[in-house]
file input.tsv (TSV, C-alpha atoms)
chain	number	residue	atom	x	y	z
A	1	MET	CA	-27.87	-43.61	-13.83
A	2	ASP	CA	-25.27	-43.54	-16.58
A	3	HIS	CA	-21.66	-43.73	-15.45
A	4	PRO	CA	-20.22	-40.18	-15.52
A	5	ARG	CA	-17.03	-41.43	-17.20
A	6	PRO	CA	-18.28	-44.14	-19.60
A	7	TRP	CA	-14.81	-44.62	-21.09
A	8	LEU	CA	-13.46	-45.73	-17.71
A	9	ARG	CA	-13.73	-49.49	-17.23
A	10	ILE	CA	-12.33	-52.30	-15.14
A	11	VAL	CA	-10.31	-54.72	-17.25
A	12	ASP	CA	-9.67	-58.06	-15.56
A	13	ALA	CA	-6.00	-58.98	-15.20
A	14	SER	CA	-6.54	-62.20	-17.14
A	15	ASP	CA	-7.89	-60.18	-20.09
A	16	LEU	CA	-4.74	-58.09	-20.56
A	17	ASP	CA	-2.82	-58.93	-23.68
A	18	ASP	CA	0.90	-59.47	-23.07
A	19	SER	CA	2.80	-62.63	-23.90
A	20	ASN	CA	5.59	-61.75	-21.44
A	21	VAL	CA	3.54	-60.98	-18.31
A	22	ASP	CA	0.66	-62.93	-16.80
A	23	PHE	CA	-0.99	-60.09	-14.90
A	24	GLY	CA	-3.48	-62.49	-13.31
A	25	LYS	CA	-0.66	-64.17	-11.38
A	26	LEU	CA	1.08	-61.05	-10.09
A	27	ALA	CA	1.27	-60.34	-6.37
A	28	VAL	CA	1.16	-56.76	-5.09
A	29	LYS	CA	3.92	-56.08	-2.58
A	30	THR	CA	5.60	-53.25	-0.70
A	31	PRO	CA	9.27	-52.50	-1.46
A	32	SER	CA	10.19	-54.47	1.68
A	33	GLY	CA	8.33	-57.54	0.36
A	34	ASP	CA	5.15	-57.39	2.45
A	35	LYS	CA	2.27	-58.83	0.44
A	36	LEU	CA	-0.66	-56.45	-0.02
A	37	GLY	CA	-2.71	-58.76	-2.23
A	38	LYS	CA	-2.81	-59.79	-5.86
A	39	VAL	CA	-3.56	-58.02	-9.11
A	40	ASP	CA	-7.22	-58.49	-9.98
A	41	GLY	CA	-7.44	-55.96	-12.81
A	42	PHE	CA	-6.94	-52.37	-13.85
A	43	VAL	CA	-9.18	-49.33	-14.17
A	44	VAL	CA	-8.38	-48.00	-17.64
A	45	ASP	CA	-9.53	-45.45	-20.17
A	46	VAL	CA	-10.58	-47.90	-22.87
A	47	ASP	CA	-10.37	-45.24	-25.59
A	48	SER	CA	-6.67	-44.53	-24.99
A	49	GLY	CA	-5.60	-47.67	-23.08
A	50	ARG	CA	-4.29	-45.46	-20.24
A	51	PRO	CA	-4.46	-47.01	-16.76
A	52	TYR	CA	-5.50	-45.14	-13.63
A	53	TYR	CA	-5.60	-47.81	-10.95
A	54	VAL	CA	-4.50	-51.35	-10.19
A	55	VAL	CA	-7.47	-53.25	-8.74
A	56	VAL	CA	-5.98	-55.23	-5.85
A	57	ASP	CA	-7.61	-58.24	-4.24
A	58	ALA	CA	-6.49	-57.80	-0.62
A	59	SER	CA	-7.06	-61.45	0.26
A	60	GLY	CA	-9.14	-60.77	3.33
A	61	TRP	CA	-7.10	-58.42	5.49
A	62	PHE	CA	-9.41	-55.55	4.46
A	63	LYS	CA	-13.06	-55.50	5.41
A	64	THR	CA	-13.81	-55.42	1.72
A	65	LYS	CA	-11.67	-57.58	-0.47
A	66	HIS	CA	-10.53	-54.97	-3.01
A	67	PHE	CA	-8.81	-51.60	-3.05
A	68	LEU	CA	-7.52	-49.34	-5.80
A	69	LEU	CA	-3.81	-48.57	-6.05
A	70	PRO	CA	-3.12	-45.45	-8.14
A	71	ILE	CA	-1.07	-46.56	-11.14
A	72	GLY	CA	1.63	-43.97	-10.47
A	73	HIS	CA	2.52	-45.92	-7.33
A	74	ALA	CA	2.89	-49.28	-9.10
A	75	GLN	CA	6.05	-50.66	-10.66
A	76	LEU	CA	6.26	-53.97	-12.45
A	77	ASP	CA	8.97	-56.27	-11.11
A	78	GLY	CA	9.23	-59.05	-13.68
A	79	GLU	CA	11.87	-60.93	-11.70
A	80	SER	CA	9.63	-61.45	-8.69
A	81	ASP	CA	6.35	-61.61	-10.64
A	82	ALA	CA	4.94	-58.72	-8.65
A	83	ILE	CA	3.70	-55.18	-8.79
A	84	ILE	CA	5.67	-53.19	-6.24
A	85	ALA	CA	3.61	-50.47	-4.57
A	86	ASP	CA	5.69	-47.57	-3.31
A	87	VAL	CA	3.18	-47.08	-0.51
A	88	PRO	CA	3.84	-48.45	2.99
A	89	ARG	CA	1.47	-51.12	4.25
A	90	ASP	CA	0.25	-48.92	7.12
A	91	ARG	CA	-0.99	-46.34	4.61
A	92	VAL	CA	-2.59	-48.95	2.37
A	93	LYS	CA	-4.65	-50.09	5.35
A	94	ASN	CA	-6.29	-46.62	5.20
A	95	PHE	CA	-7.31	-46.94	1.54
A	96	PRO	CA	-11.08	-46.99	1.05
A	97	GLY	CA	-12.55	-50.36	0.17
A	98	PHE	CA	-13.78	-50.89	-3.35
A	99	ASP	CA	-16.63	-53.00	-4.70
A	100	LYS	CA	-15.98	-53.98	-8.31
A	101	ALA	CA	-19.65	-54.75	-8.90
A	102	GLU	CA	-20.58	-51.17	-7.98
A	103	PHE	CA	-18.02	-49.42	-10.22
A	104	ALA	CA	-20.42	-48.82	-13.12
A	105	LYS	CA	-22.93	-47.28	-10.71
A	106	LEU	CA	-20.59	-44.72	-9.12
A	107	SER	CA	-21.57	-41.08	-9.58
A	108	GLU	CA	-19.14	-38.27	-10.36
A	109	ALA	CA	-19.14	-37.39	-6.66
A	110	ASP	CA	-18.48	-41.02	-5.70
A	111	LEU	CA	-15.54	-41.24	-8.12
A	112	ALA	CA	-14.09	-37.97	-6.82
A	113	ARG	CA	-14.48	-39.09	-3.21
A	114	LEU	CA	-12.87	-42.46	-3.91
A	115	GLY	CA	-9.95	-40.81	-5.71
A	116	ASN	CA	-9.44	-38.17	-3.04
A	117	GLU	CA	-9.63	-40.64	-0.15
A	118	THR	CA	-7.19	-42.97	-1.89
A	119	CYS	CA	-4.72	-40.18	-2.66
A	120	GLN	CA	-4.93	-38.81	0.89
A	121	ALA	CA	-4.27	-42.28	2.31
A	122	CYS	CA	-1.24	-42.99	0.13
A	123	CYS	CA	0.36	-39.54	0.29
A	124	VAL	CA	-0.23	-37.05	3.04
A	125	THR	CA	0.64	-34.21	0.66
A	126	ASP	CA	-0.09	-33.48	-2.99
A	127	VAL	CA	-3.89	-33.70	-2.89
A	128	SER	CA	-4.71	-30.11	-3.74
A	129	VAL	CA	-4.92	-30.47	-7.54
A	130	THR	CA	-7.55	-32.13	-9.68
A	131	VAL	CA	-7.45	-35.85	-8.88
A	132	TRP	CA	-6.85	-37.02	-12.46
A	133	GLU	CA	-3.87	-34.67	-12.90
A	134	GLN	CA	-1.90	-35.81	-9.86
A	135	PRO	CA	1.35	-37.78	-10.07
A	136	HIS	CA	-0.63	-40.67	-8.61
A	137	TYR	CA	-1.94	-41.32	-12.12
A	138	GLU	CA	1.20	-40.92	-14.24
A	139	GLN	CA	1.35	-43.73	-16.74
A	140	PRO	CA	4.22	-46.06	-15.80
A	141	SER	CA	6.90	-46.89	-18.34
A	142	TRP	CA	6.09	-50.61	-18.15
A	143	TRP	CA	2.46	-50.17	-19.26
A	144	GLN	CA	1.64	-50.61	-22.95
A	145	GLU	CA	-1.55	-49.10	-24.33
A	146	SER	CA	-2.18	-52.32	-26.25
A	147	TYR	CA	-2.72	-54.22	-22.98
A	148	ALA	CA	-6.30	-53.03	-22.69
A	149	GLY	CA	-8.74	-52.05	-25.40
A	150	ARG	CA	-12.45	-51.47	-25.81
A	151	ASP	CA	-13.10	-55.09	-26.86
A	152	ARG	CA	-11.50	-56.48	-23.67
A	153	SER	CA	-13.16	-54.11	-21.22
A	154	THR	CA	-15.91	-54.95	-18.80
A	155	THR	CA	-18.48	-52.81	-17.06
A	156	LYS	CA	-17.92	-54.24	-13.62
call {"tool": "encode", "arguments": {"input": "input.tsv", "output": "structure tokens"}}
result
Amino acid sequence: MDHPRPWLRIVDASDLDDSNVDFGKLAVKTPSGDKLGKVDGFVVDVDSGRPYYVVVDASGWFKTKHFLLPIGHAQLDGESDAIIADVPRDRVKNFPGFDKAEFAKLSEADLARLGNETCQACCVTDVSVTVWEQPHYEQPSWWQESYAGRDRSTTK
């Protein structure tokens, strides 16, 4: 089956192009400093460079090792070399697991389910509109479209 959104790809953190930030070494933390995992990559629209999710390696405290953090909930903290997730750890524990190897095989229904379950876990309100139009996916001010492009994308 062809991926229903072929422009949507996972870009590995080490493949992002920024001389000031090494995304592959960033931790993902709560505002109180609890570690949620580390940045493994981003789900981006490779045509525009717009991110939708941070792919987080949860380092074993999830049954699966990865989850998707909606980009609207991620702030870059250059001083602590971390992405700060504005979602409490107890809500992140409810995020659905994510298998990077299966991303290219997800159907439209699978993508919608994953997005809806993630948004419901991180915010108990604000899930009534189309998933891609929610504040969960607002492009953060720290993201530059040049970070990810078609030539650096993968189909994982």
call {"tool": "residues_around", "arguments": {"input": "input.tsv", "residues": "His66 in chain A", "least_positions_apart": "3", "cutoff": "8 Å", "atoms": "all atoms listed in the file", "output": "PDB file with C-alpha atoms, keeping the file's coordinate frame"}}
result
ATOM      1  CA  VAL A  55      -7.470 -53.250  -8.740  1.00  0.00           C
ATOM      2  CA  VAL A  56      -5.980 -55.230  -5.850  1.00  0.00           C
ATOM      3  CA  ASP A  57      -7.610 -58.240  -4.240  1.00  0.00           C
ATOM      4  CA  ALA A  58      -6.490 -57.800  -0.620  1.00  0.00           C
ATOM      5  CA  PHE A  62      -9.410 -55.550   4.460  1.00  0.00           C
ATOM      6  CA  GLY A  97     -12.550 -50.360   0.170  1.00  0.00           C
ATOM      7  CA  PHE A  98     -13.780 -50.890  -3.350  1.00  0.00           C
ATOM      8  CA  ASP A  99     -16.630 -53.000  -4.700  1.00  0.00           C
ATOM      9  CA  LYS A 100     -15.980 -53.980  -8.310  1.00  0.00           C
TER      10      LYS A 100
END
call {"tool": "closest_residue", "arguments": {"input": "input.tsv", "among": "A:Arg91, A:Lys38, A:Arg50, A:Lys105", "to": "Cys122 in chain A", "atoms": "only C-alpha atoms"}}
result
A:Arg91
call {"tool": "residues_around", "arguments": {"input": "input.tsv", "residues": "range 92-96 of chain A", "least_positions_apart": "2", "cutoff": "6 Å", "atoms": "all atoms listed in the file", "output": "PyMOL selection string"}}
result
chain A and resi 89-90+118+121
call {"tool": "atom_distance", "arguments": {"input": "input.tsv", "atom1": "CA of Ala85 in chain A", "atom2": "CA of Lys35 in chain A"}}
result
9.8 Å
call {"tool": "residues_around", "arguments": {"input": "input.tsv", "residues": "range 40-47 of chain A", "least_positions_apart": "3", "cutoff": "8 Å", "atoms": "all atoms listed in the file", "output": "ChimeraX atom specification"}}
result
/A:7-14,23-24,50-57,148-150,153
